[in-house]
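Next comes start-v3.cif, a file with mmCIF, C-alpha atoms and all ligand atoms.
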data_upload
loop_
_atom_site.label_atom_id
_atom_site.label_comp_id
_atom_site.auth_asym_id
_atom_site.auth_seq_id
_atom_site.Cartn_x
_atom_site.Cartn_y
_atom_site.Cartn_z
CA MET A 777 0.39 30.63 -6.13
CA THR A 778 -0.54 29.17 -9.47
CA HIS A 779 2.15 28.38 -11.99
CA GLN A 780 2.81 31.26 -14.38
CA THR A 781 4.20 31.13 -17.90
CA LEU A 782 5.68 34.18 -19.61
CA LEU A 783 6.17 34.24 -23.37
CA THR A 784 8.18 37.13 -24.80
CA GLY A 785 8.80 38.36 -28.33
CA PRO A 786 7.03 40.38 -31.03
CA THR A 787 3.32 40.18 -30.20
CA LEU A 788 0.22 40.97 -32.23
CA ARG A 789 -2.31 43.25 -30.50
CA TYR A 790 -5.84 44.12 -31.62
CA SER A 791 -8.03 46.96 -30.34
CA GLY A 792 -10.76 46.97 -33.01
CA ASP A 793 -11.96 45.72 -36.37
CA PRO A 794 -9.62 46.42 -39.32
CA MET A 795 -12.39 45.62 -41.82
CA ARG A 796 -14.27 48.65 -40.46
CA ASP A 797 -11.55 51.05 -39.28
CA PRO A 798 -8.13 51.72 -40.80
CA TRP A 799 -5.95 48.77 -39.80
CA GLN A 800 -3.23 51.10 -38.51
CA ASP A 801 -5.65 52.40 -35.86
CA VAL A 802 -6.65 49.02 -34.46
CA ILE A 803 -3.77 46.56 -34.97
CA ALA A 804 -0.24 46.84 -33.67
CA ILE A 805 2.81 44.68 -33.16
CA ASP A 806 4.58 45.12 -29.85
CA THR A 807 8.12 44.28 -30.93
CA ASN A 808 9.30 43.71 -27.35
CA GLY A 809 6.03 42.28 -26.07
CA GLY A 810 4.99 39.55 -23.69
CA VAL A 811 2.10 37.44 -22.50
CA VAL A 812 1.53 35.95 -19.05
CA ILE A 813 -0.49 32.73 -18.81
CA GLU A 814 -2.02 31.15 -15.71
CA ASP A 815 -4.28 28.10 -15.66
CA GLY A 816 -4.68 28.19 -19.42
CA VAL A 817 -5.79 31.82 -19.52
CA ILE A 818 -3.94 34.98 -20.55
CA THR A 819 -3.70 37.14 -17.42
CA ALA A 820 -1.43 39.96 -18.58
CA VAL A 821 -0.16 41.42 -21.83
CA GLY A 822 2.44 44.16 -22.16
CA GLY A 823 6.09 44.99 -22.51
CA ALA A 824 8.44 42.04 -21.94
CA ASP A 825 10.63 43.87 -19.42
CA GLN A 826 7.72 45.05 -17.29
CA LEU A 827 6.13 41.61 -17.31
CA ARG A 828 9.42 39.95 -16.32
CA ALA A 829 9.78 42.35 -13.39
CA ALA A 830 6.19 41.88 -12.28
CA HIS A 831 6.28 38.07 -12.58
CA PRO A 832 9.74 37.04 -11.35
CA SER A 833 8.79 33.40 -10.76
CA ALA A 834 7.17 32.83 -14.16
CA LYS A 835 8.68 30.20 -16.44
CA VAL A 836 9.90 32.17 -19.44
CA THR A 837 10.00 31.19 -23.10
CA ALA A 838 11.71 33.91 -25.13
CA TYR A 839 11.00 34.07 -28.85
CA GLY A 840 13.38 35.87 -31.21
CA ASP A 841 13.02 39.04 -33.25
CA ASP A 842 12.13 37.15 -36.42
CA THR A 843 9.01 35.61 -34.86
CA LEU A 844 5.47 36.84 -34.32
CA MET A 845 3.16 35.74 -31.52
CA CYS A 846 -0.39 35.49 -32.90
CA PRO A 847 -3.67 34.19 -31.58
CA GLY A 848 -4.07 30.55 -32.67
CA PHE A 849 -5.60 30.40 -36.14
CA ILE A 850 -9.35 29.77 -36.34
CA ASP A 851 -10.67 27.93 -39.37
CA ALA A 852 -14.38 28.78 -39.52
CA HIS A 853 -15.57 26.20 -42.08
CA VAL A 854 -14.10 22.73 -42.65
CA HIS A 855 -15.17 19.18 -43.38
CA TYR A 856 -12.81 16.98 -41.37
CA PRO A 857 -14.19 13.79 -43.03
CA GLN A 858 -12.73 15.05 -46.34
CA THR A 859 -9.15 15.01 -45.03
CA ALA A 860 -8.10 12.03 -47.14
CA ILE A 861 -9.62 13.31 -50.42
CA ILE A 862 -8.22 16.84 -50.34
CA ALA A 863 -6.87 17.92 -53.75
CA SER A 864 -9.01 15.61 -55.90
CA TRP A 865 -8.90 16.57 -59.56
CA GLY A 866 -11.17 18.04 -62.13
CA LYS A 867 -14.75 18.36 -60.84
CA ARG A 868 -17.06 21.20 -60.04
CA LEU A 869 -19.21 21.25 -56.91
CA ILE A 870 -22.01 18.74 -57.52
CA ASP A 871 -19.82 16.26 -59.44
CA TRP A 872 -17.06 16.74 -56.88
CA LEU A 873 -19.49 15.86 -54.08
CA ASN A 874 -20.75 12.76 -55.91
CA SER A 875 -17.37 11.56 -57.20
CA TYR A 876 -15.08 12.14 -54.24
CA THR A 877 -16.84 13.45 -51.17
CA PHE A 878 -19.81 11.18 -50.67
CA PRO A 879 -17.84 7.93 -51.23
CA GLU A 880 -15.25 9.09 -48.67
CA GLU A 881 -17.88 10.25 -46.16
CA MET A 882 -19.43 6.77 -46.52
CA ARG A 883 -16.16 5.27 -45.26
CA LEU A 884 -16.73 7.05 -41.95
CA SER A 885 -19.60 4.64 -41.30
CA ASP A 886 -16.75 2.68 -39.69
CA PRO A 887 -16.20 4.28 -36.25
CA THR A 888 -12.56 3.20 -36.18
CA TYR A 889 -11.91 5.02 -39.45
CA ALA A 890 -13.79 8.10 -38.17
CA ASP A 891 -11.56 8.14 -35.07
CA GLU A 892 -8.44 7.78 -37.23
CA ILE A 893 -9.41 10.63 -39.57
CA ALA A 894 -10.50 12.92 -36.70
CA GLY A 895 -7.14 12.51 -34.97
CA ARG A 896 -5.19 12.83 -38.20
CA TYR A 897 -7.11 15.95 -39.16
CA LEU A 898 -6.57 17.76 -35.84
CA ASP A 899 -2.87 16.87 -35.84
CA LEU A 900 -2.48 18.21 -39.39
CA THR A 901 -4.26 21.46 -38.56
CA LEU A 902 -2.25 21.96 -35.36
CA ASP A 903 0.92 21.43 -37.43
CA HIS A 904 -0.32 24.42 -39.44
CA GLY A 905 -1.01 26.59 -36.40
CA THR A 906 -4.79 26.16 -36.35
CA THR A 907 -6.08 25.74 -32.81
CA THR A 908 -9.87 25.88 -33.41
CA VAL A 909 -12.03 24.70 -36.30
CA ALA A 910 -15.75 24.72 -37.03
CA SER A 911 -16.29 21.38 -38.74
CA TYR A 912 -18.99 19.49 -40.50
CA CYS A 913 -18.96 15.79 -39.65
CA THR A 914 -20.80 13.07 -41.60
CA ILE A 915 -24.37 11.91 -41.12
CA HIS A 916 -23.07 9.28 -38.66
CA PRO A 917 -23.42 10.43 -35.03
CA HIS A 918 -20.21 8.60 -34.10
CA SER A 919 -18.32 10.88 -36.54
CA VAL A 920 -19.31 13.78 -34.27
CA ASP A 921 -18.23 11.94 -31.12
CA ALA A 922 -14.93 11.13 -32.87
CA LEU A 923 -14.06 14.78 -33.53
CA PHE A 924 -15.23 16.15 -30.18
CA SER A 925 -13.35 13.37 -28.35
CA ALA A 926 -10.17 14.01 -30.33
CA ALA A 927 -10.42 17.75 -29.56
CA VAL A 928 -11.04 17.14 -25.84
CA GLN A 929 -7.99 14.87 -25.76
CA ARG A 930 -5.90 17.69 -27.22
CA GLY A 931 -7.46 20.36 -24.96
CA GLN A 932 -8.78 22.26 -28.00
CA ARG A 933 -11.72 24.58 -28.43
CA ILE A 934 -13.93 23.17 -31.19
CA VAL A 935 -17.23 23.67 -32.99
CA ALA A 936 -18.82 20.76 -34.85
CA GLY A 937 -22.08 19.15 -35.81
CA LYS A 938 -23.65 16.15 -37.50
CA THR A 939 -24.17 16.81 -41.20
CA CYS A 940 -27.83 16.24 -42.03
CA MET A 941 -28.99 15.04 -45.48
CA ASP A 942 -32.27 13.30 -46.34
CA ARG A 943 -32.26 13.55 -50.13
CA ASN A 944 -29.97 13.80 -53.16
CA ALA A 945 -27.30 11.79 -51.40
CA PRO A 946 -26.49 8.09 -51.82
CA GLU A 947 -28.04 5.28 -49.82
CA GLY A 948 -26.07 5.01 -46.61
CA LEU A 949 -25.53 8.77 -46.38
CA ARG A 950 -29.14 9.76 -45.80
CA ASP A 951 -30.95 10.31 -42.53
CA THR A 952 -34.56 11.55 -42.19
CA ALA A 953 -36.12 14.72 -40.88
CA GLN A 954 -36.91 12.97 -37.61
CA SER A 955 -33.60 11.14 -37.16
CA ALA A 956 -31.65 14.31 -38.04
CA TYR A 957 -33.59 16.12 -35.30
CA ASP A 958 -33.22 13.30 -32.76
CA ASP A 959 -29.54 12.59 -33.42
CA SER A 960 -28.57 16.27 -33.51
CA LYS A 961 -30.46 16.86 -30.25
CA ALA A 962 -28.76 13.94 -28.51
CA LEU A 963 -25.35 15.10 -29.74
CA LEU A 964 -25.82 18.72 -28.72
CA GLU A 965 -27.00 17.59 -25.30
CA ARG A 966 -23.85 15.43 -25.03
CA TRP A 967 -21.33 18.00 -26.25
CA HIS A 968 -22.55 21.61 -26.31
CA GLY A 969 -20.74 23.54 -23.58
CA ILE A 970 -18.72 20.51 -22.44
CA ALA A 971 -15.01 21.28 -21.93
CA ARG A 972 -14.18 23.62 -24.84
CA ALA A 973 -16.80 22.23 -27.25
CA SER A 974 -19.77 23.93 -28.91
CA TYR A 975 -22.35 22.30 -31.12
CA ALA A 976 -23.41 23.62 -34.52
CA ILE A 977 -26.69 22.41 -36.01
CA THR A 978 -25.61 21.40 -39.51
CA PRO A 979 -27.95 20.94 -42.48
CA ARG A 980 -25.42 20.34 -45.29
CA PHE A 981 -27.21 22.62 -47.81
CA SER A 982 -30.70 23.03 -49.21
CA PRO A 983 -30.28 20.53 -52.10
CA THR A 984 -29.63 17.62 -49.72
CA SER A 985 -32.41 18.41 -47.25
CA THR A 986 -36.16 18.21 -47.73
CA PRO A 987 -38.16 21.21 -46.52
CA GLU A 988 -39.31 18.93 -43.67
CA GLN A 989 -35.73 18.34 -42.58
CA LEU A 990 -34.86 22.04 -42.75
CA ALA A 991 -37.97 22.78 -40.66
CA ALA A 992 -37.06 20.12 -38.09
CA LEU A 993 -33.55 21.57 -37.72
CA GLY A 994 -34.94 25.11 -37.56
CA ALA A 995 -37.19 23.97 -34.71
CA LEU A 996 -34.25 22.33 -32.93
CA TRP A 997 -32.22 25.53 -33.23
CA GLY A 998 -35.17 27.48 -31.79
CA GLU A 999 -35.09 25.13 -28.79
CA HIS A 1000 -31.29 25.49 -28.41
CA PRO A 1001 -30.54 29.05 -29.46
CA THR A 1002 -27.03 29.12 -27.98
CA CYS A 1003 -25.92 26.64 -30.64
CA LEU A 1004 -24.54 27.87 -33.92
CA MET A 1005 -26.16 26.83 -37.20
CA GLN A 1006 -23.79 26.20 -40.12
CA THR A 1007 -24.61 25.51 -43.75
CA HIS A 1008 -23.66 26.43 -47.34
CA LEU A 1009 -25.06 29.30 -49.37
CA SER A 1010 -24.74 30.33 -53.05
CA GLU A 1011 -21.43 28.66 -53.82
CA GLN A 1012 -21.88 27.87 -57.54
CA ILE A 1013 -24.23 29.06 -60.27
CA ASP A 1014 -25.42 25.50 -61.11
CA GLU A 1015 -26.12 24.84 -57.45
CA ILE A 1016 -28.24 28.01 -57.20
CA ALA A 1017 -30.26 26.97 -60.27
CA TRP A 1018 -30.81 23.54 -58.69
CA VAL A 1019 -32.02 25.17 -55.45
CA ARG A 1020 -34.48 27.23 -57.50
CA ASP A 1021 -35.88 24.01 -59.06
CA LEU A 1022 -36.07 22.22 -55.73
CA TYR A 1023 -37.73 25.14 -53.90
CA PRO A 1024 -39.90 26.84 -56.54
CA ASN A 1025 -41.80 28.99 -54.06
CA THR A 1026 -38.85 30.69 -52.40
CA ARG A 1027 -37.48 34.11 -53.30
CA ASP A 1028 -33.84 33.08 -53.44
CA TYR A 1029 -31.35 30.60 -51.93
CA LEU A 1030 -31.24 32.31 -48.53
CA ASP A 1031 -35.02 32.17 -48.38
CA THR A 1032 -34.89 28.35 -48.34
CA TYR A 1033 -33.20 28.68 -44.95
CA GLU A 1034 -35.16 31.71 -43.80
CA GLU A 1035 -38.51 29.96 -44.43
CA HIS A 1036 -37.48 27.15 -42.11
CA GLY A 1037 -36.11 29.11 -39.16
CA LEU A 1038 -32.50 28.77 -40.29
CA ILE A 1039 -31.45 32.41 -40.18
CA GLY A 1040 -30.26 34.46 -37.22
CA GLU A 1041 -27.29 35.97 -35.49
CA ARG A 1042 -25.70 32.60 -34.84
CA ALA A 1043 -26.02 31.45 -38.46
CA LEU A 1044 -22.83 30.78 -40.38
CA TYR A 1045 -23.10 30.58 -44.15
CA GLY A 1046 -20.12 29.15 -46.00
CA HIS A 1047 -19.06 30.54 -49.43
CA ALA A 1048 -21.91 33.06 -50.10
CA ILE A 1049 -20.37 34.13 -53.39
CA HIS A 1050 -23.27 34.80 -55.74
CA LEU A 1051 -25.61 36.76 -53.47
CA GLU A 1052 -28.59 38.82 -54.52
CA ALA A 1053 -29.30 42.25 -53.05
CA ARG A 1054 -32.18 40.95 -50.93
CA GLU A 1055 -29.97 38.23 -49.49
CA ILE A 1056 -27.28 40.71 -48.52
CA ASP A 1057 -29.90 42.95 -46.88
CA ARG A 1058 -31.34 40.04 -44.87
CA ILE A 1059 -27.91 38.84 -43.79
CA THR A 1060 -27.08 42.38 -42.67
CA GLU A 1061 -30.35 42.78 -40.74
CA THR A 1062 -30.07 39.46 -38.94
CA GLY A 1063 -26.38 39.70 -38.01
CA ALA A 1064 -25.62 36.33 -39.61
CA ALA A 1065 -22.00 35.64 -40.54
CA LEU A 1066 -20.38 34.66 -43.84
CA VAL A 1067 -17.32 32.48 -44.21
CA HIS A 1068 -14.86 33.11 -47.02
CA CYS A 1069 -13.25 29.91 -48.29
CA PRO A 1070 -10.81 31.24 -50.91
CA THR A 1071 -8.73 28.16 -51.80
CA SER A 1072 -11.94 26.16 -52.21
CA ASN A 1073 -13.60 28.84 -54.30
CA THR A 1074 -10.77 28.77 -56.82
CA PHE A 1075 -10.12 25.02 -56.58
CA ILE A 1076 -13.74 23.98 -57.23
CA GLY A 1077 -14.17 26.91 -59.60
CA SER A 1078 -16.90 28.68 -57.63
CA GLY A 1079 -16.11 32.39 -57.93
CA LEU A 1080 -14.73 35.46 -56.17
CA PHE A 1081 -16.15 36.29 -52.72
CA ASP A 1082 -16.75 40.03 -52.26
CA MET A 1083 -14.99 40.48 -48.92
CA ALA A 1084 -14.61 44.26 -49.25
CA GLY A 1085 -18.24 44.86 -50.25
CA LEU A 1086 -19.72 42.59 -47.60
CA ALA A 1087 -17.46 43.83 -44.82
CA ALA A 1088 -18.46 47.38 -45.78
CA ARG A 1089 -22.04 46.35 -44.94
CA ALA A 1090 -20.72 45.39 -41.47
CA ILE A 1091 -21.47 41.71 -42.10
CA PRO A 1092 -19.19 39.58 -39.91
CA CYS A 1093 -16.88 37.65 -42.24
CA GLY A 1094 -14.53 34.82 -41.26
CA LEU A 1095 -11.89 32.88 -43.09
CA ALA A 1096 -11.71 29.15 -43.72
CA THR A 1097 -9.93 26.40 -45.60
CA ASP A 1098 -13.09 24.40 -46.41
CA THR A 1099 -11.00 21.22 -46.27
CA GLY A 1100 -11.26 19.16 -48.50
CA GLY A 1101 -12.93 21.38 -51.14
CA GLY A 1102 -10.17 23.78 -50.19
CA SER A 1103 -6.74 22.68 -51.32
CA SER A 1104 -4.75 23.27 -48.13
CA PHE A 1105 -4.90 22.74 -44.37
CA SER A 1106 -2.95 25.97 -43.91
CA MET A 1107 -4.55 29.22 -42.82
CA LEU A 1108 -1.41 30.99 -44.12
CA ARG A 1109 -2.14 29.62 -47.59
CA THR A 1110 -5.79 30.57 -47.07
CA MET A 1111 -4.84 34.17 -46.20
CA ALA A 1112 -2.67 34.22 -49.33
CA ALA A 1113 -5.62 33.05 -51.44
CA ALA A 1114 -7.85 35.71 -49.85
CA TYR A 1115 -5.24 38.28 -50.82
CA GLU A 1116 -5.15 36.98 -54.41
CA ILE A 1117 -8.94 37.06 -54.72
CA GLY A 1118 -8.92 40.62 -53.35
CA GLN A 1119 -6.40 41.50 -56.07
CA LEU A 1120 -8.64 39.99 -58.75
CA ARG A 1121 -11.50 42.13 -57.43
CA GLY A 1122 -9.36 45.25 -57.12
CA THR A 1123 -9.61 45.27 -53.30
CA PRO A 1124 -6.44 43.69 -51.86
CA LEU A 1125 -6.33 43.09 -48.10
CA HIS A 1126 -3.38 44.17 -45.94
CA ALA A 1127 -1.41 41.55 -43.99
CA ALA A 1128 -2.92 42.97 -40.78
CA GLN A 1129 -6.44 42.44 -42.12
CA LEU A 1130 -5.61 38.93 -43.33
CA ILE A 1131 -4.22 37.77 -39.99
CA TRP A 1132 -7.12 39.43 -38.16
CA LEU A 1133 -9.64 37.60 -40.34
CA ALA A 1134 -7.91 34.26 -39.63
CA THR A 1135 -8.10 34.87 -35.87
CA ALA A 1136 -10.44 37.51 -34.39
CA GLY A 1137 -12.62 37.68 -37.52
CA SER A 1138 -13.34 33.96 -37.48
CA ALA A 1139 -13.76 34.01 -33.68
CA ARG A 1140 -16.43 36.69 -33.99
CA CYS A 1141 -18.33 34.64 -36.58
CA LEU A 1142 -18.29 31.70 -34.17
CA HIS A 1143 -19.41 33.96 -31.28
CA LEU A 1144 -16.24 32.93 -29.46
CA ASP A 1145 -14.52 36.32 -29.54
CA SER A 1146 -14.55 36.71 -25.77
CA GLN A 1147 -12.73 33.37 -25.43
CA ILE A 1148 -10.34 33.11 -28.39
CA GLY A 1149 -8.95 35.00 -31.37
CA THR A 1150 -7.14 37.85 -29.60
CA ILE A 1151 -4.15 38.14 -27.30
CA SER A 1152 -5.81 39.90 -24.40
CA PRO A 1153 -6.28 39.33 -20.67
CA GLY A 1154 -9.12 36.95 -19.83
CA THR A 1155 -8.98 35.04 -23.09
CA GLU A 1156 -7.88 31.44 -23.42
CA ALA A 1157 -4.17 31.01 -24.15
CA ASP A 1158 -4.29 29.53 -27.65
CA LEU A 1159 -1.26 30.97 -29.42
CA THR A 1160 0.59 30.37 -32.66
CA ILE A 1161 4.15 31.60 -32.92
CA LEU A 1162 5.22 32.27 -36.49
CA ASN A 1163 8.81 32.04 -37.65
CA LEU A 1164 9.11 34.87 -40.19
CA ALA A 1165 12.23 33.38 -41.80
CA SER A 1166 11.21 29.72 -42.04
CA THR A 1167 12.73 28.84 -45.42
CA PRO A 1168 15.69 30.22 -47.37
CA ALA A 1169 13.28 31.80 -49.88
CA ILE A 1170 11.27 33.56 -47.16
CA ALA A 1171 14.36 34.51 -45.14
CA GLN A 1172 15.99 36.28 -48.11
CA ARG A 1173 12.74 38.16 -48.78
CA ALA A 1174 12.35 39.02 -45.07
CA ALA A 1175 15.88 40.42 -45.08
CA GLN A 1176 14.65 43.02 -47.61
CA ALA A 1177 11.42 43.76 -45.71
CA THR A 1178 10.62 47.38 -45.03
CA ASP A 1179 8.99 46.58 -41.68
CA ILE A 1180 7.53 43.64 -39.75
CA TRP A 1181 4.24 43.84 -41.69
CA ASP A 1182 6.15 43.42 -44.93
CA SER A 1183 7.95 40.48 -43.41
CA LEU A 1184 4.66 38.96 -42.20
CA PHE A 1185 3.21 39.41 -45.68
CA ALA A 1186 6.04 37.31 -47.18
CA THR A 1187 5.29 34.53 -44.68
CA ILE A 1188 1.57 34.75 -45.45
CA MET A 1189 2.22 34.44 -49.18
CA MET A 1190 5.00 31.83 -49.10
CA GLY A 1191 4.73 30.12 -45.70
CA ASP A 1192 3.50 26.66 -44.76
CA ASP A 1193 3.76 24.40 -41.71
CA ARG A 1194 7.49 25.14 -41.50
CA ALA A 1195 6.57 28.70 -40.49
CA ILE A 1196 4.81 27.44 -37.37
CA GLN A 1197 7.47 27.65 -34.67
CA ASP A 1198 5.23 26.77 -31.71
CA VAL A 1199 1.60 26.25 -30.82
CA TRP A 1200 0.20 26.74 -27.33
CA ILE A 1201 -3.21 25.26 -26.51
CA ALA A 1202 -4.87 26.59 -23.36
CA GLY A 1203 -1.46 27.57 -22.02
CA LYS A 1204 0.24 24.25 -22.81
CA ARG A 1205 2.96 24.11 -25.40
CA ARG A 1206 2.30 21.50 -28.07
CA THR A 1207 5.26 19.13 -28.26
N1 LIG B 1301 -21.82 22.21 -50.50
C1 LIG B 1301 -22.42 21.15 -49.92
N2 LIG B 1301 -21.54 20.31 -49.38
C2 LIG B 1301 -20.33 20.82 -49.63
C3 LIG B 1301 -19.00 20.40 -49.30
O1 LIG B 1301 -18.76 19.37 -48.69
N3 LIG B 1301 -18.00 21.21 -49.72
C4 LIG B 1301 -18.24 22.36 -50.41
N4 LIG B 1301 -17.21 23.10 -50.78
N5 LIG B 1301 -19.46 22.77 -50.72
C5 LIG B 1301 -20.49 22.01 -50.33
ZN ZN B 1302 -18.17 23.36 -46.91
#
Output the file's structure as structure tokens, nothing else.
Ligand code: GUN
Ligand code: ZN
Amino acid sequence: MTHQTLLTGPTLRYSGDPMRDPWQDVIAIDTNGGVVIEDGVITAVGGADQLRAAHPSAKVTAYGDDTLMCPGFIDAHVHYPQTAIIASWGKRLIDWLNSYTFPEEMRLSDPTYADEIAGRYLDLTLDHGTTTVASYCTIHPHSVDALFSAAVQRGQRIVAGKTCMDRNAPEGLRDTAQSAYDDSKALLERWHGIARASYAITPRFSPTSTPEQLAALGALWGEHPTCLMQTHLSEQIDEIAWVRDLYPNTRDYLDTYEEHGLIGERALYGHAIHLEAREIDRITETGAALVHCPTSNTFIGSGLFDMAGLAARAIPCGLATDTGGGSSFSMLRTMAAAYEIGQLRGTPLHAAQLIWLATAGSARCLHLDSQIGTISPGTEADLTILNLASTPAIAQRAAQATDIWDSLFATIMMGDDRAIQDVWIAGKRRT
């Protein structure tokens, strides 16, 4: 018989989409719940007592009443190469890229540095309860190998791709249409579907690609349709004006991608703040996903993503830190920022919706919802156990909480890596 692990304690359970249906109908917390894990996969979910009786030889870890067992957090848009320049002061998008981001991404031309940053980044995110990320790398193919290798070493599920740029970037950070195609193809053949890795074809954004490069990557995606395609869309007003100058014959920003085969169900557009009606219609029709990056959108001064309006159109929306444009590695802090932006728009999200977005919502955007993002039989056992009383300030607030959702909300708003009691990756506890 295979070795069984049983985790018990308050457990989060999903049965639907709380951005579509009332959250009370589709999300519950089983206060005396449990999860059985075998060979890295969840094999049973239910009441702790029943599971104990049915699995008498399982090795048990019992979590207390002031914890919550969640799916591991899924960060659907990050730039791991920007780890060391997170929280850099005073610039808006294009100046921020030129002043901080590109010089740092240049440093990853050194494979040893790329390996160091990849490992450091994954360790930091795991400290914060994030078990899967979808990351941009740099233009250097070894930066992609560095992140996939570091994730394989840690047993993690991961999505990543080589960032492609053939204009409007400094010497040393530019590829060509052909080399972007060739390098991306070689990398996806090396990594896509290996262990827990998936490849995302990654044009950075329309301003740093020629139409020829976008077309080459659109063709590559057509040849490898199981890959994701990730890029940026309509993040800042100045950026959108620049795209209009660079692509005078397109209808709007989305059209620069659409014209080159870079739209479809497996497309992931980061930010997507200042969308036009036609763009929203096309995104809805194609089933493409949008990724909300709230700490980045306030930090770089980009604007307020319309989560409620876009979710009402049934557009899949995920949640992300956008490290290092975002100001935190923490998905708790990111949920808090999403709440605050909802407040500014008059459409606050409930704690149940926030935690769903950071897990199942992001998983759906990455087309990984049958593998990760929920605590249900047959999915991979990536779990984050929250301590809902992790600091004196949170504990005193939790003591006043009206129910466990209220307590969770305090941890979302005030919590950090100290709230992460345990992380399990494919059924193995991170030590
Ligand atoms: N648009 C193009 N590149 C980037 C990036 O690295 N970060 C953010 N936030 N936006 C971008
Ligand atoms: Zn980004």
Q: Please provide as a list in words all residues within 10 Å of Asp886 of chain A, with the sequence filter that same-chain residues fewer than 6 positions apart are discarded (counting only C-alpha atoms).
A: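 Contacts, with the query itself left out: His916, His918 and Ser919 of chain A.
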Write the residues of the selection above to a file with C-alpha atoms, as a short mmCIF file (atom, residue, chain, number, x, y, z; two decimals), in the coordinates of the input.
data_model
loop_
_atom_site.label_atom_id
_atom_site.label_comp_id
_atom_site.auth_asym_id
_atom_site.auth_seq_id
_atom_site.Cartn_x
_atom_site.Cartn_y
_atom_site.Cartn_z
CA HIS A 916 -23.07 9.28 -38.66
CA HIS A 918 -20.21 8.60 -34.10
CA SER A 919 -18.32 10.88 -36.54
#
Q: Kindly indicate which residue among A:Val1199, A:Leu1125, A:Cys913, A:Ala1136 lies nearest to ligand ZN 1302 (chain B), using all atoms listed in the file for the distances.
A: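 Counting all atoms listed in the file, the residue closest to ligand ZN 1302 (chain B) is A:Cys913.
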Q | One-decimal distance in Å that lies between atom CA of Gly816 of chain A and atom CA of Asp841 of chain A | A | 24.9 Å
Q. Using all atoms listed in the file, which residues sit within 10 Å of segment 955-962 of chain A once same-chain residues fewer than 2 positions away are excluded, as a ChimeraX atom specification?
A. /A:915-917,920,937-942,950-953,964-967,975-979,989-997,999-1000
Q) Expressed in Å to a single decimal, how great is the separation between atom CA of Ser875 of chain A and atom CA of Arg896 of chain A? A) 22.6 Å
Q | Selection within 8 Å of ligand LIG 1301 (chain B) by only C-alpha atoms and all ligand atoms, output as a PyMOL selection string | A | chain A and resi 855+858+869-870+873+877+980-981+1007-1009+1011+1046-1047+1072-1073+1076+1098-1102
Q. Using only C-alpha atoms, which of A:Ala890, A:Ala1202, A:Leu1108, A:Ala1169 sits nearest Met1189 of chain A?
A. A:Leu1108
**Q.** For atom CA of Val811 of chain A and atom CA of Ala973 of chain A, the interatomic separation in Å (one decimal)
**A.**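 Interatomic distance, atom CA of Val811 of chain A to atom CA of Ala973 of chain A: 24.7 Å.
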